[in-house]
file my_file_2.cif (mmCIF, N, CA and C atoms and all ligand atoms)
data_target
#
loop_
_atom_site.label_atom_id
_atom_site.label_comp_id
_atom_site.auth_asym_id
_atom_site.auth_seq_id
_atom_site.Cartn_x
_atom_site.Cartn_y
_atom_site.Cartn_z
N MET A 1 0.85 -1.20 0.00
CA MET A 1 0.00 0.00 0.00
C MET A 1 0.88 1.25 0.00
N ALA A 2 0.56 2.20 -0.81
CA ALA A 2 1.35 3.43 -0.88
C ALA A 2 1.08 4.31 0.35
N THR A 3 1.94 5.29 0.59
CA THR A 3 1.80 6.13 1.78
C THR A 3 0.66 7.15 1.66
N ASN A 4 0.00 7.21 0.51
CA ASN A 4 -1.14 8.12 0.39
C ASN A 4 -2.45 7.39 0.70
N ARG A 5 -2.34 6.29 1.46
CA ARG A 5 -3.54 5.54 1.84
C ARG A 5 -3.67 5.47 3.36
N THR A 6 -4.92 5.34 3.80
CA THR A 6 -5.17 5.08 5.21
C THR A 6 -6.24 4.01 5.31
N PHE A 7 -6.43 3.54 6.54
CA PHE A 7 -7.42 2.49 6.78
C PHE A 7 -8.43 3.00 7.79
N THR A 8 -9.70 2.68 7.57
CA THR A 8 -10.75 3.09 8.51
C THR A 8 -11.71 1.94 8.82
N MET A 9 -12.34 2.04 9.96
CA MET A 9 -13.50 1.19 10.25
C MET A 9 -14.61 2.11 10.73
N LEU A 10 -15.82 1.93 10.20
CA LEU A 10 -17.01 2.53 10.78
C LEU A 10 -17.46 1.53 11.84
N LYS A 11 -17.39 1.96 13.08
CA LYS A 11 -17.54 1.06 14.23
C LYS A 11 -19.01 0.69 14.48
N PRO A 12 -19.24 -0.31 15.34
CA PRO A 12 -20.62 -0.78 15.56
C PRO A 12 -21.62 0.32 15.91
N ASP A 13 -21.21 1.35 16.64
CA ASP A 13 -22.19 2.41 16.97
C ASP A 13 -22.65 3.17 15.74
N SER A 14 -21.78 3.32 14.73
CA SER A 14 -22.17 3.99 13.48
C SER A 14 -23.23 3.20 12.73
N ILE A 15 -23.07 1.88 12.77
CA ILE A 15 -24.05 1.02 12.10
C ILE A 15 -25.38 1.09 12.86
N GLU A 16 -25.30 0.94 14.19
CA GLU A 16 -26.52 0.94 15.02
C GLU A 16 -27.29 2.24 14.90
N SER A 17 -26.59 3.35 14.82
CA SER A 17 -27.26 4.66 14.78
C SER A 17 -27.72 5.04 13.38
N GLY A 18 -27.36 4.22 12.38
CA GLY A 18 -27.79 4.51 11.01
C GLY A 18 -27.03 5.64 10.35
N ASN A 19 -25.82 5.92 10.87
CA ASN A 19 -25.07 7.06 10.33
C ASN A 19 -24.01 6.70 9.29
N THR A 20 -23.98 5.46 8.84
CA THR A 20 -22.89 5.09 7.92
C THR A 20 -22.96 5.86 6.59
N GLY A 21 -24.17 6.10 6.09
CA GLY A 21 -24.30 6.84 4.83
C GLY A 21 -23.75 8.25 4.98
N ASN A 22 -24.14 8.93 6.08
CA ASN A 22 -23.65 10.29 6.32
C ASN A 22 -22.14 10.33 6.49
N ILE A 23 -21.61 9.35 7.20
CA ILE A 23 -20.16 9.33 7.45
C ILE A 23 -19.41 9.06 6.15
N LEU A 24 -19.87 8.12 5.36
CA LEU A 24 -19.20 7.85 4.07
C LEU A 24 -19.28 9.08 3.16
N GLN A 25 -20.41 9.79 3.23
CA GLN A 25 -20.53 11.02 2.43
C GLN A 25 -19.49 12.05 2.87
N MET A 26 -19.30 12.21 4.18
CA MET A 26 -18.28 13.15 4.67
C MET A 26 -16.89 12.74 4.20
N ILE A 27 -16.65 11.43 4.19
CA ILE A 27 -15.32 10.93 3.79
C ILE A 27 -15.08 11.21 2.30
N THR A 28 -16.05 10.92 1.46
CA THR A 28 -15.84 11.15 0.02
C THR A 28 -15.87 12.66 -0.29
N ASP A 29 -16.71 13.43 0.41
CA ASP A 29 -16.72 14.89 0.21
C ASP A 29 -15.36 15.50 0.56
N ALA A 30 -14.65 14.88 1.51
CA ALA A 30 -13.33 15.40 1.91
C ALA A 30 -12.23 15.00 0.92
N GLY A 31 -12.60 14.27 -0.12
CA GLY A 31 -11.64 13.97 -1.18
C GLY A 31 -10.99 12.60 -1.10
N PHE A 32 -11.47 11.74 -0.20
CA PHE A 32 -10.92 10.39 -0.11
C PHE A 32 -11.61 9.48 -1.13
N ALA A 33 -10.80 8.70 -1.84
CA ALA A 33 -11.33 7.69 -2.75
C ALA A 33 -11.34 6.34 -2.02
N ILE A 34 -12.39 5.56 -2.24
CA ILE A 34 -12.51 4.25 -1.61
C ILE A 34 -11.78 3.21 -2.46
N LYS A 35 -10.73 2.62 -1.91
CA LYS A 35 -9.92 1.64 -2.65
C LYS A 35 -10.35 0.21 -2.33
N ALA A 36 -10.97 0.03 -1.17
CA ALA A 36 -11.45 -1.29 -0.75
C ALA A 36 -12.50 -1.05 0.32
N MET A 37 -13.50 -1.94 0.38
CA MET A 37 -14.54 -1.78 1.41
C MET A 37 -15.24 -3.10 1.68
N LYS A 38 -15.52 -3.37 2.94
CA LYS A 38 -16.35 -4.55 3.26
C LYS A 38 -17.17 -4.34 4.53
N TYR A 39 -18.34 -5.00 4.52
CA TYR A 39 -19.24 -5.01 5.68
C TYR A 39 -19.00 -6.34 6.35
N THR A 40 -18.54 -6.32 7.59
CA THR A 40 -18.10 -7.56 8.21
C THR A 40 -18.24 -7.43 9.72
N ARG A 41 -17.95 -8.52 10.42
CA ARG A 41 -17.95 -8.47 11.89
C ARG A 41 -16.66 -9.07 12.38
N LEU A 42 -15.98 -8.37 13.27
CA LEU A 42 -14.71 -8.87 13.79
C LEU A 42 -14.96 -10.01 14.76
N SER A 43 -14.13 -11.04 14.67
CA SER A 43 -14.15 -12.09 15.69
C SER A 43 -13.38 -11.55 16.90
N GLU A 44 -13.53 -12.22 18.03
CA GLU A 44 -12.79 -11.79 19.23
C GLU A 44 -11.29 -11.84 18.96
N GLU A 45 -10.87 -12.86 18.28
CA GLU A 45 -9.44 -13.03 17.96
C GLU A 45 -8.94 -11.87 17.07
N GLN A 46 -9.73 -11.53 16.07
CA GLN A 46 -9.34 -10.42 15.17
C GLN A 46 -9.27 -9.08 15.92
N ALA A 47 -10.29 -8.83 16.77
CA ALA A 47 -10.31 -7.55 17.50
C ALA A 47 -9.14 -7.48 18.47
N LYS A 48 -8.83 -8.58 19.14
CA LYS A 48 -7.69 -8.60 20.07
C LYS A 48 -6.40 -8.31 19.34
N LYS A 49 -6.26 -8.92 18.16
CA LYS A 49 -5.04 -8.73 17.37
C LYS A 49 -4.96 -7.28 16.86
N PHE A 50 -6.08 -6.79 16.34
CA PHE A 50 -6.09 -5.44 15.77
C PHE A 50 -5.68 -4.40 16.82
N TYR A 51 -6.17 -4.56 18.06
CA TYR A 51 -5.91 -3.59 19.12
C TYR A 51 -4.83 -4.06 20.09
N GLU A 52 -3.98 -4.97 19.64
CA GLU A 52 -2.92 -5.55 20.47
C GLU A 52 -2.09 -4.48 21.20
N VAL A 53 -1.82 -3.37 20.53
CA VAL A 53 -0.98 -2.34 21.15
C VAL A 53 -1.61 -1.79 22.42
N HIS A 54 -2.93 -1.95 22.56
CA HIS A 54 -3.62 -1.46 23.76
C HIS A 54 -3.85 -2.56 24.80
N ALA A 55 -3.23 -3.72 24.61
CA ALA A 55 -3.50 -4.89 25.46
C ALA A 55 -3.33 -4.62 26.95
N GLU A 56 -2.41 -3.73 27.31
CA GLU A 56 -2.16 -3.46 28.74
C GLU A 56 -3.03 -2.33 29.29
N ARG A 57 -3.80 -1.69 28.42
CA ARG A 57 -4.62 -0.55 28.88
C ARG A 57 -5.88 -1.07 29.58
N PRO A 58 -6.38 -0.31 30.57
CA PRO A 58 -7.54 -0.78 31.35
C PRO A 58 -8.80 -0.97 30.51
N PHE A 59 -8.88 -0.28 29.36
CA PHE A 59 -10.11 -0.35 28.56
C PHE A 59 -10.06 -1.44 27.48
N TYR A 60 -8.98 -2.22 27.44
CA TYR A 60 -8.79 -3.20 26.35
C TYR A 60 -9.94 -4.21 26.25
N GLY A 61 -10.34 -4.78 27.40
CA GLY A 61 -11.42 -5.78 27.39
C GLY A 61 -12.71 -5.19 26.85
N GLU A 62 -13.03 -4.01 27.34
CA GLU A 62 -14.24 -3.29 26.93
C GLU A 62 -14.17 -2.96 25.42
N LEU A 63 -12.98 -2.57 24.97
CA LEU A 63 -12.78 -2.21 23.56
C LEU A 63 -13.01 -3.42 22.65
N VAL A 64 -12.45 -4.57 23.04
CA VAL A 64 -12.61 -5.78 22.24
C VAL A 64 -14.08 -6.21 22.24
N GLU A 65 -14.70 -6.14 23.41
CA GLU A 65 -16.12 -6.53 23.52
C GLU A 65 -16.98 -5.63 22.62
N TYR A 66 -16.71 -4.35 22.68
CA TYR A 66 -17.48 -3.40 21.87
C TYR A 66 -17.25 -3.61 20.38
N MET A 67 -15.99 -3.77 19.96
CA MET A 67 -15.68 -3.88 18.53
C MET A 67 -16.18 -5.19 17.92
N THR A 68 -16.52 -6.17 18.77
CA THR A 68 -17.08 -7.43 18.27
C THR A 68 -18.59 -7.49 18.48
N SER A 69 -19.19 -6.40 19.00
CA SER A 69 -20.61 -6.43 19.39
C SER A 69 -21.56 -6.38 18.20
N GLY A 70 -21.05 -6.01 17.04
CA GLY A 70 -21.90 -5.93 15.85
C GLY A 70 -21.04 -5.71 14.63
N PRO A 71 -21.67 -5.60 13.46
CA PRO A 71 -20.88 -5.43 12.24
C PRO A 71 -20.19 -4.07 12.16
N ILE A 72 -19.19 -4.02 11.33
CA ILE A 72 -18.44 -2.80 11.03
C ILE A 72 -18.33 -2.67 9.51
N ILE A 73 -17.96 -1.48 9.06
CA ILE A 73 -17.55 -1.31 7.66
C ILE A 73 -16.07 -0.97 7.67
N ALA A 74 -15.27 -1.82 7.01
CA ALA A 74 -13.82 -1.59 6.93
C ALA A 74 -13.51 -1.05 5.55
N ALA A 75 -12.57 -0.11 5.46
CA ALA A 75 -12.24 0.45 4.14
C ALA A 75 -10.80 0.95 4.09
N ILE A 76 -10.24 0.88 2.89
CA ILE A 76 -8.97 1.54 2.59
C ILE A 76 -9.29 2.78 1.78
N LEU A 77 -8.72 3.90 2.21
CA LEU A 77 -9.01 5.20 1.58
C LEU A 77 -7.74 5.78 0.99
N GLU A 78 -7.89 6.51 -0.10
CA GLU A 78 -6.72 7.12 -0.75
C GLU A 78 -6.92 8.61 -0.95
N LYS A 79 -5.88 9.33 -0.64
CA LYS A 79 -5.87 10.80 -0.80
C LYS A 79 -4.45 11.24 -0.52
N GLU A 80 -4.02 12.34 -1.09
CA GLU A 80 -2.72 12.88 -0.72
C GLU A 80 -2.73 13.13 0.80
N ASN A 81 -1.67 12.79 1.49
CA ASN A 81 -1.57 13.02 2.94
C ASN A 81 -2.71 12.34 3.72
N ALA A 82 -3.04 11.13 3.28
CA ALA A 82 -4.25 10.45 3.76
C ALA A 82 -4.30 10.27 5.28
N VAL A 83 -3.22 9.79 5.89
CA VAL A 83 -3.27 9.47 7.32
C VAL A 83 -3.57 10.73 8.14
N ALA A 84 -2.81 11.79 7.94
CA ALA A 84 -2.99 13.01 8.74
C ALA A 84 -4.32 13.68 8.40
N ASP A 85 -4.67 13.74 7.12
CA ASP A 85 -5.92 14.40 6.75
C ASP A 85 -7.13 13.64 7.28
N PHE A 86 -7.03 12.30 7.33
CA PHE A 86 -8.17 11.53 7.84
C PHE A 86 -8.30 11.70 9.36
N ARG A 87 -7.16 11.73 10.05
CA ARG A 87 -7.21 11.98 11.51
C ARG A 87 -7.85 13.34 11.78
N ALA A 88 -7.54 14.33 10.94
CA ALA A 88 -8.15 15.65 11.12
C ALA A 88 -9.65 15.59 10.86
N LEU A 89 -10.06 14.82 9.87
CA LEU A 89 -11.48 14.70 9.54
C LEU A 89 -12.27 13.99 10.64
N ILE A 90 -11.66 12.99 11.29
CA ILE A 90 -12.41 12.25 12.31
C ILE A 90 -12.41 12.98 13.66
N GLY A 91 -11.35 13.73 13.98
CA GLY A 91 -11.30 14.47 15.24
C GLY A 91 -10.76 13.63 16.39
N ALA A 92 -10.70 14.25 17.56
CA ALA A 92 -10.10 13.62 18.75
C ALA A 92 -10.84 12.35 19.16
N THR A 93 -10.11 11.46 19.84
CA THR A 93 -10.66 10.17 20.30
C THR A 93 -11.95 10.37 21.10
N ASP A 94 -11.92 11.36 22.00
CA ASP A 94 -13.09 11.66 22.83
C ASP A 94 -13.94 12.72 22.12
N PRO A 95 -15.18 12.41 21.77
CA PRO A 95 -16.00 13.38 21.03
C PRO A 95 -16.17 14.71 21.77
N ALA A 96 -16.05 14.68 23.11
CA ALA A 96 -16.15 15.92 23.88
C ALA A 96 -14.99 16.86 23.56
N GLU A 97 -13.89 16.28 23.07
CA GLU A 97 -12.71 17.09 22.73
C GLU A 97 -12.54 17.28 21.23
N ALA A 98 -13.40 16.66 20.44
CA ALA A 98 -13.26 16.72 18.98
C ALA A 98 -13.72 18.08 18.45
N ALA A 99 -13.01 18.57 17.42
CA ALA A 99 -13.34 19.88 16.84
C ALA A 99 -14.69 19.85 16.12
N GLU A 100 -15.31 21.01 16.05
CA GLU A 100 -16.57 21.16 15.31
C GLU A 100 -16.39 20.69 13.87
N GLY A 101 -17.40 20.03 13.35
CA GLY A 101 -17.36 19.62 11.95
C GLY A 101 -16.66 18.30 11.71
N THR A 102 -16.07 17.72 12.76
CA THR A 102 -15.40 16.42 12.58
C THR A 102 -16.44 15.30 12.71
N ILE A 103 -16.06 14.13 12.18
CA ILE A 103 -16.99 12.99 12.22
C ILE A 103 -17.31 12.59 13.66
N ARG A 104 -16.28 12.55 14.52
CA ARG A 104 -16.55 12.15 15.90
C ARG A 104 -17.38 13.19 16.65
N LYS A 105 -17.16 14.48 16.38
CA LYS A 105 -17.97 15.51 17.02
C LYS A 105 -19.44 15.32 16.65
N LYS A 106 -19.67 15.00 15.37
CA LYS A 106 -21.05 14.87 14.89
C LYS A 106 -21.70 13.55 15.31
N TYR A 107 -20.94 12.46 15.23
CA TYR A 107 -21.58 11.15 15.32
C TYR A 107 -21.13 10.25 16.47
N ALA A 108 -19.99 10.55 17.13
CA ALA A 108 -19.54 9.65 18.20
C ALA A 108 -20.37 9.84 19.45
N GLU A 109 -20.57 8.75 20.19
CA GLU A 109 -21.36 8.80 21.43
C GLU A 109 -20.48 9.05 22.64
N SER A 110 -19.27 8.47 22.63
CA SER A 110 -18.38 8.54 23.79
C SER A 110 -16.98 8.18 23.35
N LYS A 111 -16.04 8.24 24.28
CA LYS A 111 -14.65 7.90 23.97
C LYS A 111 -14.52 6.45 23.50
N GLY A 112 -15.33 5.57 24.03
CA GLY A 112 -15.29 4.17 23.61
C GLY A 112 -16.07 3.96 22.32
N ARG A 113 -17.31 4.44 22.31
CA ARG A 113 -18.17 4.30 21.13
C ARG A 113 -17.99 5.55 20.27
N ASN A 114 -16.87 5.59 19.56
CA ASN A 114 -16.50 6.85 18.90
C ASN A 114 -16.55 6.79 17.37
N ALA A 115 -17.49 6.03 16.86
CA ALA A 115 -17.92 6.08 15.45
C ALA A 115 -16.95 5.53 14.40
N VAL A 116 -15.69 5.96 14.48
CA VAL A 116 -14.75 5.58 13.41
C VAL A 116 -13.35 5.31 13.93
N HIS A 117 -12.63 4.49 13.19
CA HIS A 117 -11.19 4.29 13.41
C HIS A 117 -10.45 4.98 12.27
N GLY A 118 -9.27 5.51 12.58
CA GLY A 118 -8.38 6.01 11.54
C GLY A 118 -6.95 5.63 11.90
N SER A 119 -6.20 5.10 10.94
CA SER A 119 -4.81 4.70 11.20
C SER A 119 -4.01 5.90 11.69
N ASP A 120 -3.01 5.62 12.54
CA ASP A 120 -2.21 6.73 13.10
C ASP A 120 -0.85 6.92 12.43
N SER A 121 -0.51 6.08 11.44
CA SER A 121 0.77 6.25 10.72
C SER A 121 0.66 5.51 9.39
N ASP A 122 1.56 5.86 8.46
CA ASP A 122 1.58 5.15 7.17
C ASP A 122 1.85 3.66 7.39
N GLU A 123 2.76 3.37 8.33
CA GLU A 123 3.11 1.98 8.60
C GLU A 123 1.89 1.20 9.10
N ASN A 124 1.16 1.80 10.04
CA ASN A 124 -0.03 1.11 10.56
C ASN A 124 -1.16 1.06 9.53
N ALA A 125 -1.26 2.05 8.67
CA ALA A 125 -2.27 2.02 7.60
C ALA A 125 -2.03 0.79 6.72
N GLN A 126 -0.78 0.54 6.41
CA GLN A 126 -0.42 -0.62 5.59
C GLN A 126 -0.75 -1.92 6.32
N ILE A 127 -0.34 -2.02 7.58
CA ILE A 127 -0.58 -3.24 8.36
C ILE A 127 -2.08 -3.49 8.51
N GLU A 128 -2.83 -2.44 8.85
CA GLU A 128 -4.26 -2.59 9.11
C GLU A 128 -5.03 -2.90 7.81
N GLY A 129 -4.63 -2.27 6.70
CA GLY A 129 -5.26 -2.57 5.42
C GLY A 129 -5.02 -4.03 5.02
N ASP A 130 -3.79 -4.47 5.20
CA ASP A 130 -3.44 -5.86 4.87
C ASP A 130 -4.15 -6.86 5.78
N PHE A 131 -4.43 -6.42 7.00
CA PHE A 131 -5.12 -7.28 7.97
C PHE A 131 -6.53 -7.62 7.48
N HIS A 132 -7.17 -6.68 6.81
CA HIS A 132 -8.57 -6.85 6.41
C HIS A 132 -8.79 -7.20 4.94
N PHE A 133 -7.82 -6.90 4.08
CA PHE A 133 -8.06 -7.07 2.64
C PHE A 133 -6.93 -7.82 1.95
N SER A 134 -7.30 -8.68 1.02
CA SER A 134 -6.31 -9.32 0.16
C SER A 134 -6.05 -8.38 -1.02
N ALA A 135 -4.96 -8.63 -1.75
CA ALA A 135 -4.60 -7.78 -2.88
C ALA A 135 -5.74 -7.69 -3.90
N ALA A 136 -6.46 -8.80 -4.10
CA ALA A 136 -7.53 -8.83 -5.09
C ALA A 136 -8.75 -8.01 -4.69
N GLU A 137 -8.82 -7.62 -3.41
CA GLU A 137 -9.96 -6.84 -2.92
C GLU A 137 -9.68 -5.34 -2.91
N ILE A 138 -8.48 -4.94 -3.32
CA ILE A 138 -8.10 -3.53 -3.31
C ILE A 138 -8.07 -3.02 -4.75
N PHE A 139 -8.79 -1.91 -5.03
CA PHE A 139 -8.96 -1.41 -6.40
C PHE A 139 -8.35 -0.03 -6.58
P1 LIG A 201 -7.83 6.59 18.33
O1 LIG A 201 -8.95 5.67 17.92
O2 LIG A 201 -8.26 8.03 18.32
O3 LIG A 201 -6.56 6.35 17.54
P2 LIG A 201 -6.53 5.22 20.53
O4 LIG A 201 -5.68 4.55 19.50
O5 LIG A 201 -5.84 5.92 21.66
O6 LIG A 201 -7.52 6.27 19.86
O7 LIG A 201 -7.52 4.15 21.17
C1 LIG A 201 -8.13 3.16 20.35
C2 LIG A 201 -9.57 3.05 20.74
O8 LIG A 201 -9.69 2.59 22.10
C3 LIG A 201 -10.36 4.37 20.73
O9 LIG A 201 -10.82 4.70 19.43
C4 LIG A 201 -11.48 4.08 21.67
C5 LIG A 201 -10.83 3.20 22.72
N1 LIG A 201 -10.36 3.98 23.86
C6 LIG A 201 -9.24 4.74 23.93
N2 LIG A 201 -9.13 5.33 25.13
C7 LIG A 201 -10.20 4.93 25.85
C8 LIG A 201 -10.67 5.18 27.17
N3 LIG A 201 -9.98 5.97 28.01
N4 LIG A 201 -11.82 4.58 27.56
C9 LIG A 201 -12.51 3.77 26.73
N5 LIG A 201 -12.13 3.48 25.45
C10 LIG A 201 -11.00 4.06 25.03
MG MG A 202 -5.30 4.74 17.47
#

call {"tool": "encode", "arguments": {"input": "my_file_2.cif", "output": "structure tokens"}}
result
Amino acid sequence: MATNRTFTMLKPDSIESGNTGNILQMITDAGFAIKAMKYTRLSEEQAKKFYEVHAERPFYGELVEYMTSGPIIAAILEKENAVADFRALIGATDPAEAAEGTIRKKYAESKGRNAVHGSDSDENAQIEGDFHFSAAEIF
């Protein structure tokens, strides 16, 4: 995956609240092209692996439970400066701290149920995209 790509998940709360259409519209309006996308549900094993870096944090169990509680939409997005621009579009982890006009400010419920994931580096964007998609699923 090139460095102009990032990886996202629309988390279970986005699906439950019916906001996936609005969120995807915000993403494409911001200039991101969808290179891969799937509607799926993480297994406990997949969620544990995906969030392995947080394994020692007190919220890890809750995070894994939440991320496996329902389906998600996973996607690879492309845009110049994708990782940083997508983090700016989604806003701070805690919606109470997220800037006006960001996806999390508009749609996140709480720090845990915060609507979307966005990769935090080019390296992790590559790892996370590869975790969810085979080469044949990326366009
Ligand atoms: P981000 O998703 O903004 O990159 P992160 O990588 O620090 O945030 O944490 C990953 C996810 O874990 C985050 O999206 C929601 C959850 N999380 C983080 N901190 C939390 C907390 N203090 N309480 C509950 N969930 C938390
Ligand atoms: Mg993170």

call {"tool": "residues_around", "arguments": {"input": "my_file_2.cif", "residues": "Pro12 (chain A)", "least_positions_apart": "3", "cutoff": "6 Å", "atoms": "only N, CA and C atoms", "output": "list in words"}}
result
Ile15, Glu16, Ser17, Met67, Gly70, Pro71 and Ile72 of chain A

call {"tool": "closest_residue", "arguments": {"input": "my_file_2.cif", "among": "A:Leu63, A:Ala96, A:Ala55, A:Ile127", "to": "ligand LIG 201 (chain A)", "atoms": "only N, CA and C atoms and all ligand atoms"}}
result
A:Leu63

call {"tool": "residues_near_ligand", "arguments": {"input": "my_file_2.cif", "ligand": "ligand LIG 201 (chain A)", "cutoff": "7 Å", "atoms": "all atoms listed in the file", "output": "count of residues only"}}
result
18

call {"tool": "axis_aligned_box", "arguments": {"input": "my_file_2.cif", "around": "region 108-121 of chain A", "padding_each_side": "8 Å", "output": "JSON"}}
result
{"center_x": -10.3, "center_y": 7.3, "center_z": 16.8, "size_x": 38.1, "size_y": 22.6, "size_z": 30.9}

call {"tool": "select_by_dssp", "arguments": {"input": "my_file_2.cif", "residues": "region 36-75 of chain A", "states": "strand (DSSP E or B)", "output": "mmCIF file with N, CA and C atoms, keeping the file's coordinate frame"}}
result
data_model
loop_
_atom_site.group_PDB
_atom_site.id
_atom_site.type_symbol
_atom_site.label_atom_id
_atom_site.label_comp_id
_atom_site.auth_asym_id
_atom_site.auth_seq_id
_atom_site.Cartn_x
_atom_site.Cartn_y
_atom_site.Cartn_z
ATOM 1 N N ALA A 36 -10.970 0.030 -1.170
ATOM 2 C CA ALA A 36 -11.450 -1.290 -0.750
ATOM 3 C C ALA A 36 -12.500 -1.050 0.320
ATOM 4 N N MET A 37 -13.500 -1.940 0.380
ATOM 5 C CA MET A 37 -14.540 -1.780 1.410
ATOM 6 C C MET A 37 -15.240 -3.100 1.680
ATOM 7 N N LYS A 38 -15.520 -3.370 2.940
ATOM 8 C CA LYS A 38 -16.350 -4.550 3.260
ATOM 9 C C LYS A 38 -17.170 -4.340 4.530
ATOM 10 N N TYR A 39 -18.340 -5.000 4.520
ATOM 11 C CA TYR A 39 -19.240 -5.010 5.680
ATOM 12 C C TYR A 39 -19.000 -6.340 6.350
ATOM 13 N N THR A 40 -18.540 -6.320 7.590
ATOM 14 C CA THR A 40 -18.100 -7.560 8.210
ATOM 15 C C THR A 40 -18.240 -7.430 9.720
ATOM 16 N N ILE A 72 -19.190 -4.020 11.330
ATOM 17 C CA ILE A 72 -18.440 -2.800 11.030
ATOM 18 C C ILE A 72 -18.330 -2.670 9.510
ATOM 19 N N ILE A 73 -17.960 -1.480 9.060
ATOM 20 C CA ILE A 73 -17.550 -1.310 7.660
ATOM 21 C C ILE A 73 -16.070 -0.970 7.670
ATOM 22 N N ALA A 74 -15.270 -1.820 7.010
ATOM 23 C CA ALA A 74 -13.820 -1.590 6.930
ATOM 24 C C ALA A 74 -13.510 -1.050 5.550
ATOM 25 N N ALA A 75 -12.570 -0.110 5.460
ATOM 26 C CA ALA A 75 -12.240 0.450 4.140
ATOM 27 C C ALA A 75 -10.800 0.950 4.090
#

call {"tool": "closest_residue", "arguments": {"input": "my_file_2.cif", "among": "A:Ser110, A:Asn81, A:Ser43, A:Gln25", "to": "Asn4 (chain A)", "atoms": "all atoms listed in the file"}}
result
A:Asn81

call {"tool": "select_by_dssp", "arguments": {"input": "my_file_2.cif", "residues": "chain A", "states": "helix (DSSP H, G or I)", "output": "ChimeraX atom specification"}}
result
/A:12-16,20-29,44-50,52-54,60-67,82-90,103-107,122-132,135-137

call {"tool": "residues_around", "arguments": {"input": "my_file_2.cif", "residues": "Glu128 (chain A)", "least_positions_apart": "6", "cutoff": "8 Å", "atoms": "all atoms listed in the file", "output": "JSON, numbers by chain"}}
result
{"A": [6, 7, 8, 50, 75, 76, 119, 122]}

call {"tool": "residues_around", "arguments": {"input": "my_file_2.cif", "residues": "Arg5 (chain A)", "least_positions_apart": "4", "cutoff": "7 Å", "atoms": "all atoms listed in the file", "output": "ChimeraX atom specification"}}
result
/A:1,76-83,122,125-126

call {"tool": "atom_distance", "arguments": {"input": "my_file_2.cif", "atom1": "CA of Ala135 (chain A)", "atom2": "CA of Leu10 (chain A)"}}
result
21.1 Å

call {"tool": "closest_residue", "arguments": {"input": "my_file_2.cif", "among": "A:Ala88, A:Val53, A:Leu24, A:Leu42", "to": "ligand MG 202 (chain A)", "atoms": "only C-alpha atoms and all ligand atoms"}}
result
A:Val53

call {"tool": "residues_around", "arguments": {"input": "my_file_2.cif", "residues": "Ile138 (chain A)", "least_positions_apart": "4", "cutoff": "6 Å", "atoms": "all atoms listed in the file", "output": "list in words"}}
result
Lys35, Ala36 and Ser134 of chain A

call {"tool": "write_last_selection", "arguments": {"input": "my_file_2.cif", "atoms": "N, CA and C atoms", "output": "short mmCIF file (atom, residue, chain, number, x, y, z; two decimals), in the coordinates of the input"}}
result
data_model
loop_
_atom_site.label_atom_id
_atom_site.label_comp_id
_atom_site.auth_asym_id
_atom_site.auth_seq_id
_atom_site.Cartn_x
_atom_site.Cartn_y
_atom_site.Cartn_z
N LYS A 35 -10.73 2.62 -1.91
CA LYS A 35 -9.92 1.64 -2.65
C LYS A 35 -10.35 0.21 -2.33
N ALA A 36 -10.97 0.03 -1.17
CA ALA A 36 -11.45 -1.29 -0.75
C ALA A 36 -12.50 -1.05 0.32
N SER A 134 -7.30 -8.68 1.02
CA SER A 134 -6.31 -9.32 0.16
C SER A 134 -6.05 -8.38 -1.02
#
